[in-house]
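Novice: Sending over entry16.csv (CSV, C-alpha atoms (C1' of nucleotides)).
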chain,number,residue,atom,x,y,z
G,245,MET,CA,92.1,111.6,101.9
G,246,ILE,CA,91.0,111.5,105.5
G,247,PHE,CA,92.3,114.7,106.9
G,248,SER,CA,92.4,118.1,105.2
G,249,SER,CA,95.4,120.2,104.9
G,250,LYS,CA,94.2,122.2,107.8
G,251,ALA,CA,95.2,119.3,110.0
G,252,GLU,CA,98.6,118.9,108.3
G,253,TYR,CA,99.4,122.6,108.6
G,254,GLY,CA,98.1,122.9,112.1
G,255,VAL,CA,100.1,120.0,113.3
G,256,ARG,CA,103.2,121.3,111.7
G,257,LEU,CA,102.6,124.6,113.3
G,258,MET,CA,102.2,123.0,116.7
G,259,ILE,CA,105.4,121.1,116.2
G,260,GLU,CA,107.2,124.3,115.3
G,261,LEU,CA,105.9,126.0,118.4
G,262,GLY,CA,107.0,122.9,120.4
G,263,ARG,CA,110.5,123.4,119.1
G,264,GLN,CA,110.7,126.9,120.4
G,265,GLU,CA,111.3,128.3,123.8
G,266,PRO,CA,108.1,127.9,125.9
G,267,ASP,CA,106.2,131.1,126.8
G,268,HIS,CA,108.1,132.9,124.1
G,269,PRO,CA,106.1,134.3,121.1
G,270,THR,CA,107.0,133.1,117.7
G,271,SER,CA,105.5,135.0,114.8
G,272,LEU,CA,103.4,133.2,112.2
G,273,LYS,CA,105.5,134.7,109.4
G,274,ALA,CA,108.6,132.8,110.7
G,275,ILE,CA,106.7,129.6,110.7
G,276,ALA,CA,105.2,130.2,107.3
G,277,ASP,CA,108.6,130.9,105.9
G,278,ALA,CA,110.2,127.8,107.6
G,279,GLU,CA,107.4,125.5,106.4
G,280,GLY,CA,106.7,127.1,103.1
G,281,LEU,CA,103.1,127.7,103.9
G,282,PRO,CA,100.9,130.7,102.9
G,283,LEU,CA,100.8,133.1,105.8
G,284,ALA,CA,97.2,134.2,105.3
G,285,TYR,CA,95.9,130.7,105.4
G,286,LEU,CA,98.0,129.8,108.4
G,287,GLU,CA,96.2,132.6,110.2
G,288,GLN,CA,92.9,130.8,109.8
G,289,VAL,CA,94.5,127.6,111.0
G,290,VAL,CA,96.0,129.0,114.1
G,291,ALA,CA,92.8,130.8,114.9
G,292,ARG,CA,91.2,127.4,115.5
G,293,LEU,CA,94.1,126.3,117.8
G,294,ARG,CA,93.7,129.5,119.7
G,295,ARG,CA,90.0,129.2,120.1
G,296,ALA,CA,90.5,125.7,121.4
G,297,GLY,CA,92.9,127.0,124.0
G,298,LEU,CA,95.9,125.1,122.7
G,299,VAL,CA,98.0,128.1,121.9
G,300,MET,CA,98.2,131.6,123.3
G,301,SER,CA,99.0,134.8,121.4
G,302,ALA,CA,100.3,138.3,121.9
G,303,ARG,CA,99.4,141.0,119.5
G,304,GLY,CA,101.5,143.9,118.3
G,305,ALA,CA,105.2,144.1,117.3
G,306,HIS,CA,107.2,141.1,118.5
G,307,GLY,CA,104.0,139.3,119.2
G,308,GLY,CA,103.3,135.8,118.1
G,309,TYR,CA,102.1,132.4,119.4
G,310,TRP,CA,103.2,129.9,121.9
G,311,LEU,CA,101.9,126.7,123.4
G,312,SER,CA,99.6,127.2,126.3
G,313,ARG,CA,100.8,124.0,127.9
G,314,PRO,CA,104.0,121.9,127.8
G,315,ALA,CA,104.1,119.7,124.7
G,316,GLN,CA,104.1,116.5,126.7
G,317,ASP,CA,100.7,117.5,128.1
G,318,ILE,CA,99.1,117.9,124.7
G,319,ALA,CA,97.5,114.9,123.2
G,320,MET,CA,97.1,115.0,119.5
G,321,ASP,CA,93.4,114.2,119.5
G,322,GLU,CA,92.8,117.6,121.0
G,323,VAL,CA,94.9,119.2,118.2
G,324,VAL,CA,93.3,117.3,115.4
G,325,GLN,CA,89.8,117.8,116.8
G,326,ALA,CA,90.4,121.6,117.1
G,327,LEU,CA,91.6,121.7,113.5
G,328,GLU,CA,89.1,119.3,111.8
G,329,GLY,CA,86.1,119.7,114.0
G,330,SER,CA,84.6,116.4,115.2
G,331,ILE,CA,86.3,113.3,113.9
G,332,ALA,CA,83.5,111.6,112.1
G,333,PRO,CA,84.1,108.7,109.9
G,334,MET,CA,80.7,109.0,108.2
G,335,GLU,CA,77.9,111.4,107.5
G,336,CYS,CA,75.7,110.0,110.2
G,337,PHE,CA,78.1,110.9,113.0
G,338,VAL,CA,77.4,114.6,113.0
G,339,HIS,CA,76.0,114.8,116.5
G,340,ASP,CA,78.8,114.2,119.0
G,341,HIS,CA,76.4,112.7,121.5
G,342,THR,CA,78.1,109.4,122.3
G,343,GLU,CA,74.8,107.8,123.0
G,344,ARG,CA,71.5,107.8,121.2
G,345,VAL,CA,73.1,108.0,117.9
G,346,LEU,CA,70.5,107.7,115.2
G,347,CYS,CA,71.7,107.0,111.8
G,348,SER,CA,70.4,109.5,109.3
G,349,HIS,CA,69.3,106.7,107.1
G,350,GLU,CA,66.0,105.0,107.7
G,351,PRO,CA,65.9,105.5,111.5
G,352,ASP,CA,62.4,104.1,111.6
G,353,SER,CA,63.3,100.9,109.9
G,354,GLY,CA,63.2,97.9,112.2
G,355,ARG,CA,66.8,96.8,112.1
G,356,ALA,CA,69.7,98.9,113.2
G,357,CYS,CA,72.1,100.5,110.8
G,358,ALA,CA,74.7,97.8,110.8
G,359,THR,CA,77.3,100.0,109.2
G,360,LYS,CA,77.4,102.1,112.3
G,361,LEU,CA,79.0,99.3,114.2
G,362,LEU,CA,81.9,99.4,111.8
G,363,TRP,CA,82.2,103.2,111.7
G,364,THR,CA,82.1,103.4,115.5
G,365,ARG,CA,85.0,101.0,115.7
G,366,VAL,CA,87.0,102.9,113.1
G,367,GLN,CA,86.3,106.2,115.0
G,368,ALA,CA,87.5,104.6,118.2
G,369,GLY,CA,90.7,103.3,116.4
G,370,ILE,CA,91.5,106.8,115.1
G,371,ILE,CA,90.9,108.5,118.4
G,372,ARG,CA,92.9,106.0,120.3
G,373,SER,CA,95.8,106.5,117.9
G,374,LEU,CA,95.6,110.2,118.4
G,375,GLN,CA,95.2,110.1,122.1
G,376,THR,CA,98.2,108.0,122.6
G,377,THR,CA,100.5,110.4,120.7
G,378,THR,CA,101.7,113.6,122.4
G,379,LEU,CA,102.9,116.6,120.8
G,380,ALA,CA,106.2,116.1,122.6
G,381,GLU,CA,106.8,112.8,120.7
G,382,LEU,CA,106.4,114.6,117.4
G,383,VAL,CA,108.7,117.4,118.5
G,384,ASP,CA,111.3,114.9,119.4
G,385,PHE,CA,110.9,113.0,116.2
G,386,SER,CA,111.3,116.2,114.2
G,387,GLY,CA,114.9,116.3,115.1
G,388,PRO,CA,117.1,118.3,117.5
G,389,ARG,CA,115.5,121.5,118.6
G,390,ASP,CA,116.8,124.5,116.8
G,391,THR,CA,116.3,128.1,117.3
G,392,THR,CA,116.4,129.2,113.7
G,393,LEU,CA,112.9,130.4,113.9
G,394,ALA,CA,113.4,132.9,116.7
G,395,VAL,CA,113.1,135.8,114.2
G,396,SER,CA,111.4,138.1,116.7
G,397,GLU,CA,114.3,137.3,119.0
G,398,ARG,CA,116.8,138.4,116.4
G,399,ALA,CA,114.8,141.4,115.5
G,400,ARG,CA,114.9,142.4,119.1
G,401,ALA,CA,118.7,142.1,119.1
G,402,PRO,CA,119.4,143.0,115.5
G,403,VAL,CA,123.2,142.6,115.6
G,404,THR,CA,123.3,138.8,115.6
G,405,ALA,CA,123.3,137.6,112.0
G,406,PRO,CA,123.2,133.8,111.9
G,407,ALA,CA,125.9,131.9,110.0
G,408,SER,CA,125.0,131.3,106.4
Q,91,MET,CA,84.0,113.2,106.9
Q,92,ILE,CA,86.5,110.5,106.5
Q,93,PHE,CA,84.8,108.0,104.2
Q,94,SER,CA,82.7,108.8,101.3
Q,95,SER,CA,79.3,107.5,100.6
Q,96,LYS,CA,80.7,104.8,98.3
Q,97,ALA,CA,82.0,103.1,101.4
Q,98,GLU,CA,78.7,103.4,103.2
Q,99,TYR,CA,76.7,102.1,100.2
Q,100,GLY,CA,79.2,99.4,99.5
Q,101,VAL,CA,79.2,98.1,103.0
Q,102,ARG,CA,75.5,98.1,103.1
Q,103,LEU,CA,75.5,96.2,99.8
Q,104,MET,CA,77.9,93.6,101.2
Q,105,ILE,CA,75.7,93.2,104.3
Q,106,GLU,CA,72.7,92.7,102.2
Q,107,LEU,CA,74.5,90.0,100.2
Q,108,GLY,CA,75.6,88.4,103.4
Q,109,ARG,CA,72.0,88.2,104.5
Q,110,GLN,CA,71.1,86.2,101.4
Q,111,GLU,CA,71.7,82.6,100.5
Q,112,PRO,CA,75.3,82.1,99.5
Q,113,ASP,CA,76.1,81.4,95.9
Q,114,HIS,CA,72.7,82.7,94.9
Q,115,PRO,CA,72.4,85.8,92.8
Q,116,THR,CA,70.6,88.8,94.2
Q,117,SER,CA,69.8,91.6,91.8
Q,118,LEU,CA,71.0,95.1,92.4
Q,119,LYS,CA,67.6,96.5,92.0
Q,120,ALA,CA,66.3,94.5,94.9
Q,121,ILE,CA,69.1,95.9,97.1
Q,122,ALA,CA,68.6,99.4,95.8
Q,123,ASP,CA,64.9,99.2,96.6
Q,124,ALA,CA,65.5,97.7,100.1
Q,125,GLU,CA,68.1,100.3,101.0
Q,126,GLY,CA,66.6,103.2,99.2
Q,127,LEU,CA,69.7,103.8,97.1
Q,128,PRO,CA,70.0,104.9,93.5
Q,129,LEU,CA,70.4,101.9,91.3
Q,130,ALA,CA,72.7,103.5,88.7
Q,131,TYR,CA,75.1,104.7,91.4
Q,132,LEU,CA,75.1,101.3,93.1
Q,133,GLU,CA,76.3,99.8,89.8
Q,134,GLN,CA,79.4,101.9,90.1
Q,135,VAL,CA,79.9,100.9,93.7
Q,136,VAL,CA,79.4,97.2,93.1
Q,137,ALA,CA,81.8,97.3,90.1
Q,138,ARG,CA,84.6,98.1,92.5
Q,139,LEU,CA,83.7,95.2,94.7
Q,140,ARG,CA,83.6,92.9,91.7
Q,141,ARG,CA,87.0,94.1,90.4
Q,142,ALA,CA,88.4,93.4,93.9
Q,143,GLY,CA,87.1,89.9,93.8
Q,144,LEU,CA,84.8,90.3,96.7
Q,145,VAL,CA,81.6,89.6,94.9
Q,146,MET,CA,80.8,87.6,91.8
Q,147,SER,CA,78.1,88.3,89.2
Q,148,ALA,CA,75.9,86.6,86.7
Q,149,ARG,CA,74.6,88.5,83.7
Q,150,GLY,CA,71.3,88.1,82.0
Q,151,ALA,CA,67.8,87.5,83.4
Q,152,HIS,CA,67.8,86.3,87.0
Q,153,GLY,CA,71.4,87.4,87.3
Q,154,GLY,CA,72.8,89.3,90.2
Q,155,TYR,CA,75.6,89.4,92.7
Q,156,TRP,CA,76.7,87.1,95.5
Q,157,LEU,CA,79.6,87.0,97.9
Q,158,SER,CA,82.6,85.2,96.5
Q,159,ARG,CA,83.6,84.0,100.0
Q,160,PRO,CA,81.7,83.2,103.2
Q,161,ALA,CA,81.1,86.4,105.2
Q,162,GLN,CA,83.2,85.3,108.1
Q,163,ASP,CA,86.2,85.1,105.8
Q,164,ILE,CA,85.8,88.7,104.6
Q,165,ALA,CA,87.6,91.3,106.7
Q,166,MET,CA,86.2,94.8,106.3
Q,167,ASP,CA,89.5,96.3,105.4
Q,168,GLU,CA,89.4,94.6,102.1
Q,169,VAL,CA,85.9,95.9,101.5
Q,170,VAL,CA,86.7,99.5,102.5
Q,171,GLN,CA,89.9,99.4,100.6
Q,172,ALA,CA,88.2,98.2,97.4
Q,173,LEU,CA,85.6,101.0,97.8
Q,174,GLU,CA,87.7,103.9,98.8
Q,175,GLY,CA,91.0,103.0,97.2
Q,176,SER,CA,94.0,103.2,99.5
Q,177,ILE,CA,93.2,104.3,103.0
Q,178,ALA,CA,95.4,107.4,103.2
Q,179,PRO,CA,95.0,109.8,106.1
Q,180,MET,CA,96.9,112.5,104.3
Q,181,GLU,CA,98.0,113.7,100.9
Q,182,CYS,CA,101.5,112.4,101.2
Q,183,PHE,CA,100.4,108.8,101.6
Q,184,VAL,CA,99.5,108.3,97.9
Q,185,HIS,CA,102.1,105.8,97.1
Q,186,ASP,CA,101.3,102.6,98.9
Q,187,HIS,CA,104.9,101.6,99.3
Q,188,THR,CA,105.0,100.8,103.0
Q,189,GLU,CA,108.7,101.7,103.1
Q,190,ARG,CA,110.6,104.6,101.7
Q,191,VAL,CA,107.7,106.9,102.1
Q,192,LEU,CA,108.8,110.3,101.2
Q,193,CYS,CA,106.6,113.2,102.3
Q,194,SER,CA,105.6,115.3,99.4
Q,195,HIS,CA,106.6,118.3,101.3
Q,196,GLU,CA,110.2,119.4,101.6
Q,197,PRO,CA,111.7,115.9,101.0
Q,198,ASP,CA,115.2,117.4,100.8
Q,199,SER,CA,115.0,119.2,104.1
Q,200,GLY,CA,117.3,117.7,106.7
Q,201,ARG,CA,114.7,116.7,109.3
Q,202,ALA,CA,112.0,114.3,108.6
Q,203,CYS,CA,108.4,115.2,108.2
Q,204,ALA,CA,107.3,114.7,111.8
Q,205,THR,CA,103.6,114.7,111.0
Q,206,LYS,CA,104.1,111.5,109.1
Q,207,LEU,CA,104.7,109.7,112.4
Q,208,LEU,CA,101.2,110.8,113.5
Q,209,TRP,CA,99.4,109.9,110.3
Q,210,THR,CA,101.1,106.6,110.1
Q,211,ARG,CA,99.8,105.7,113.6
Q,212,VAL,CA,96.3,106.9,112.6
Q,213,GLN,CA,96.4,104.8,109.5
Q,214,ALA,CA,97.4,101.8,111.5
Q,215,GLY,CA,94.6,102.4,113.9
Q,216,ILE,CA,92.1,102.6,111.2
Q,217,ILE,CA,93.3,99.5,109.4
Q,218,ARG,CA,93.4,97.5,112.6
Q,219,SER,CA,89.8,98.4,113.4
Q,220,LEU,CA,88.8,97.3,109.9
Q,221,GLN,CA,90.8,94.1,109.9
Q,222,THR,CA,89.4,92.9,113.2
Q,223,THR,CA,85.8,93.3,111.9
Q,224,THR,CA,84.4,90.7,109.6
Q,225,LEU,CA,81.4,91.0,107.4
Q,226,ALA,CA,79.7,88.2,109.3
Q,227,GLU,CA,79.7,90.4,112.4
Q,228,LEU,CA,77.9,93.1,110.6
Q,229,VAL,CA,75.5,90.7,109.1
Q,230,ASP,CA,74.7,89.3,112.5
Q,231,PHE,CA,74.4,92.8,113.9
Q,232,SER,CA,72.0,93.8,111.2
Q,233,GLY,CA,69.3,91.5,112.7
Q,234,PRO,CA,67.8,88.2,111.8
Q,235,ARG,CA,68.4,87.1,108.3
Q,236,ASP,CA,65.4,87.6,106.2
Q,237,THR,CA,64.7,86.6,102.7
Q,238,THR,CA,62.6,89.5,101.6
Q,239,LEU,CA,65.2,90.4,99.1
Q,240,ALA,CA,65.1,87.1,97.3
Q,241,VAL,CA,63.1,88.5,94.5
Q,242,SER,CA,64.7,86.6,91.7
Q,243,GLU,CA,64.3,83.5,93.9
Q,244,ARG,CA,60.6,83.9,94.1
Q,245,ALA,CA,60.4,84.7,90.4
Q,246,ARG,CA,62.2,81.5,89.6
Q,247,ALA,CA,60.1,79.3,91.8
Q,248,PRO,CA,57.0,81.3,92.5
Q,249,VAL,CA,55.3,78.6,94.6
Q,250,THR,CA,57.7,78.4,97.6
Q,251,ALA,CA,56.6,81.1,100.0
Q,252,PRO,CA,59.1,81.2,102.9
Q,253,ALA,CA,57.6,80.7,106.4
Q,254,SER,CA,58.1,84.4,107.1
M,4,DG,C1',63.1,87.6,70.3
M,5,DC,C1',61.7,89.9,74.4
M,6,DT,C1',63.0,91.2,78.8
M,7,DA,C1',65.7,91.4,83.0
M,8,DA,C1',69.6,92.0,84.5
M,9,DC,C1',74.8,93.2,84.4
M,10,DC,C1',78.2,96.3,82.3
M,11,DC,C1',80.4,100.7,80.7
M,12,DG,C1',81.5,105.4,79.6
M,13,DA,C1',80.3,110.2,79.4
M,14,DC,C1',78.4,113.9,81.5
M,15,DC,C1',76.9,117.2,85.2
M,16,DC,C1',75.8,119.9,89.5
M,17,DC,C1',77.2,121.5,93.8
M,18,DG,C1',79.6,122.3,98.1
M,19,DG,C1',83.8,122.3,100.5
M,20,DT,C1',88.8,122.8,100.4
M,21,DG,C1',92.4,125.7,100.0
M,22,DG,C1',93.4,129.6,99.5
M,23,DT,C1',93.6,135.4,98.5
M,24,DA,C1',92.4,140.3,99.6
M,25,DG,C1',91.9,143.9,102.4
M,26,DG,C1',91.5,145.9,106.2
M,27,DA,C1',91.1,146.9,111.6
M,28,DT,C1',93.6,146.7,115.8
M,29,DT,C1',97.3,146.3,119.1
M,30,DT,C1',101.9,147.0,120.7
M,31,DA,C1',107.2,147.8,120.9
M,32,DG,C1',110.5,150.7,119.9
M,33,DA,C1',112.9,154.8,117.5
E,231,DT,C1',104.2,160.3,118.4
E,232,DC,C1',104.8,157.8,114.6
E,233,DT,C1',105.8,153.6,112.3
E,234,DA,C1',106.3,149.0,111.6
E,235,DA,C1',105.3,144.4,113.0
E,236,DA,C1',102.3,141.6,114.2
E,237,DT,C1',97.6,139.5,115.4
E,238,DC,C1',92.8,139.5,114.2
E,239,DC,C1',88.6,139.4,111.2
E,240,DT,C1',85.5,139.0,107.2
E,241,DA,C1',84.5,138.5,102.6
E,242,DC,C1',85.5,136.6,98.4
E,243,DC,C1',86.9,133.1,94.9
E,244,DA,C1',88.5,129.0,91.9
E,245,DC,C1',88.9,124.5,91.4
E,246,DC,C1',88.0,119.8,91.9
E,247,DG,C1',86.1,115.6,93.6
E,248,DG,C1',81.9,113.5,95.5
E,249,DG,C1',77.6,112.0,94.2
E,250,DG,C1',75.0,111.2,91.3
E,251,DT,C1',72.3,110.8,86.1
E,252,DC,C1',71.8,109.1,81.4
E,253,DG,C1',72.2,106.3,77.5
E,254,DG,C1',73.4,102.7,75.6
E,255,DG,C1',75.7,97.8,74.9
E,256,DT,C1',75.8,92.9,76.1
E,257,DT,C1',74.3,88.6,78.1
E,258,DA,C1',71.1,85.1,79.2
E,259,DG,C1',66.6,82.9,80.7
E,260,DC,C1',61.9,82.3,79.1
Will you turn the file into structure tokens for me?
Specialist:
Amino acid sequence: MIFSSKAEYGVRLMIELGRQEPDHPTSLKAIADAEGLPLAYLEQVVARLRRAGLVMSARGAHGGYWLSRPAQDIAMDEVVQALEGSIAPMECFVHDHTERVLCSHEPDSGRACATKLLWTRVQAGIIRSLQTTTLAELVDFSGPRDTTLAVSERARAPVTAPAS
Amino acid sequence: MIFSSKAEYGVRLMIELGRQEPDHPTSLKAIADAEGLPLAYLEQVVARLRRAGLVMSARGAHGGYWLSRPAQDIAMDEVVQALEGSIAPMECFVHDHTERVLCSHEPDSGRACATKLLWTRVQAGIIRSLQTTTLAELVDFSGPRDTTLAVSERARAPVTAPAS
DNA sequence: GCTAACCCGACCCCGGTGGTAGGATTTAGA
DNA sequence: TCTAAATCCTACCACCGGGGTCGGGTTAGC
């Protein structure tokens, strides 16, 4: 498995936020219920997104999270990077300096670490795939936008009970 | 980390075999010594390559491994796939059927699992990167071909010292 | 028949993943 | 002002797969 569940959960969370009204807080609990994910764990996941500046939050009653930018301006490489840390195909990519990458293995040996050529290409392939996908695409793909998650909205106007 | 050390070690092993004379067995011990890798673990790694038909082996004294095809005919996606199993970016890709992929999560829900669009693109990006790299490229990149590993060679015909 | 090699299965340690628990703090609304 | 809903934060924990080790069996050249 290449990505951990943090990436899966975080991307789902971002998609859910993208389906909501912009600049309008959605509570984590609503998302956790809708996606069937553990709330306490989602808190850790969304904290990464917040620290990366991808979502904003409001505390207190009727608080929640919303996208800090429109979904079409969010490339998925930012999201995945925030969730997973650096996207490193192999152990010796733990530096983030694009240049001067020294393979952890036998750096003094005469010949270069040939595997690094391969992993570099793989990394580039992954990042390109992520960069060329916007959150808006995923939101569109996820189906027509619904407002069933606007729990805090309903709580604010407690009379409206949805059908079903 | 995306790939495990099995991939790293296995690719290095393939590169070493590519640096040797074709159709000529190189012992695992020679490779383990040259790369500083544990022999017993390399045995497990090379077993995957053998089962995938990428290398052939000869048992007994002066036995060893060699590439079953010329290095320029070996695309790295075969190698990595043999070493890592299927290249799955996420848990719900554990089936290998290219079509009819059902996300393990809420398959009955009306809307599709939007994250799958993203992971599918990532997977395609990885596989494309691997497919367009041949073992021969890595062998060339690893520096001029040397014969320092041909231990069994020297043992068999101890007179011929190569012109270093 | 001795030795070098491949082959195979069982075992084992450890760190990270995937959570849970429990609380502190902030804010809207009754 | 009190309460409930929500974000925030830190500590803790169980399990499992990665990354090996070990011991032996089998094959083949000398």
Novice: Have a look at Q:Ala151, Q:Ala142, Q:Leu107, Q:Ala122 and name the one nearest to chain M; count all atoms listed in the file.
Specialist: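 The answer is Q:Ala151, which sits nearest to chain M.
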Novice: I'd like a table as CSV: residues in chain Q with an atom no more than 6 Å from chain M, each row giving the shortest atom pair and its distance in Å to one decimal, all atoms listed in the file counted, sorted by chain and rising residue number.
Specialist:
residue,atom,partner,partner_atom,distance
Q:Arg149,CA,M:DC9,C1',4.8
Q:Gly150,CA,M:DA8,C1',4.9
Q:Ala151,CA,M:DA7,C1',4.4
Q:Gly153,CA,M:DA8,C1',5.7
Novice: Using all atoms listed in the file, which chain Q residues lie at most 12 Å away from chain E, written as an MDAnalysis selection string?
Specialist: chainID Q and resid 91 93:97 99 127:135 147:154 174 242 245:246
Novice: What does the distance from CA of His114 in chain Q to CA of Trp363 in chain G come to in Å, to one decimal?
Specialist: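 Answer for the CA of His114 in chain Q to CA of Trp363 in chain G separation: 28.2 Å.
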Novice: Can you list every residue of chain G that has an atom at most 6 Å from chain Q, with its nearest atom pair and the distance in Å to one decimal, using only C-alpha atoms, ordered by chain then number, as CSV?
Specialist:
residue,atom,partner,partner_atom,distance
G:Met245,CA,Q:Pro179,CA,5.4
G:Ile246,CA,Q:Pro179,CA,4.4
G:Phe247,CA,Q:Pro179,CA,5.7
G:Ala332,CA,Q:Met91,CA,5.5
G:Pro333,CA,Q:Ile92,CA,4.5
G:Met334,CA,Q:Met91,CA,5.5
G:Arg355,CA,Q:Gly233,CA,5.9
G:Ala356,CA,Q:Ser232,CA,5.9
G:Ala358,CA,Q:Ser232,CA,4.8
G:Arg365,CA,Q:Ser219,CA,5.9
G:Val366,CA,Q:Ser219,CA,5.3
G:Gly369,CA,Q:Gly215,CA,4.7
G:Ile370,CA,Q:Val212,CA,5.4
G:Ser373,CA,Q:Val212,CA,5.3
G:Leu382,CA,Q:Ala204,CA,5.7
G:Phe385,CA,Q:Ala204,CA,5.9
G:Ser386,CA,Q:Ala204,CA,4.9
G:Gly387,CA,Q:Arg201,CA,5.8
Novice: CA of Ile275 in chain G to CA of Met258 in chain G: how many Å, to one decimal?
Specialist: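 Distance reported for this atom pair: 10.0 Å.
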Novice: Suppose you want the space between CA of Met146 in chain Q and CA of Ser158 in chain Q; what is it in Å?
Specialist: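 Separating CA of Met146 in chain Q from CA of Ser158 in chain Q is a distance of 5.6 Å.
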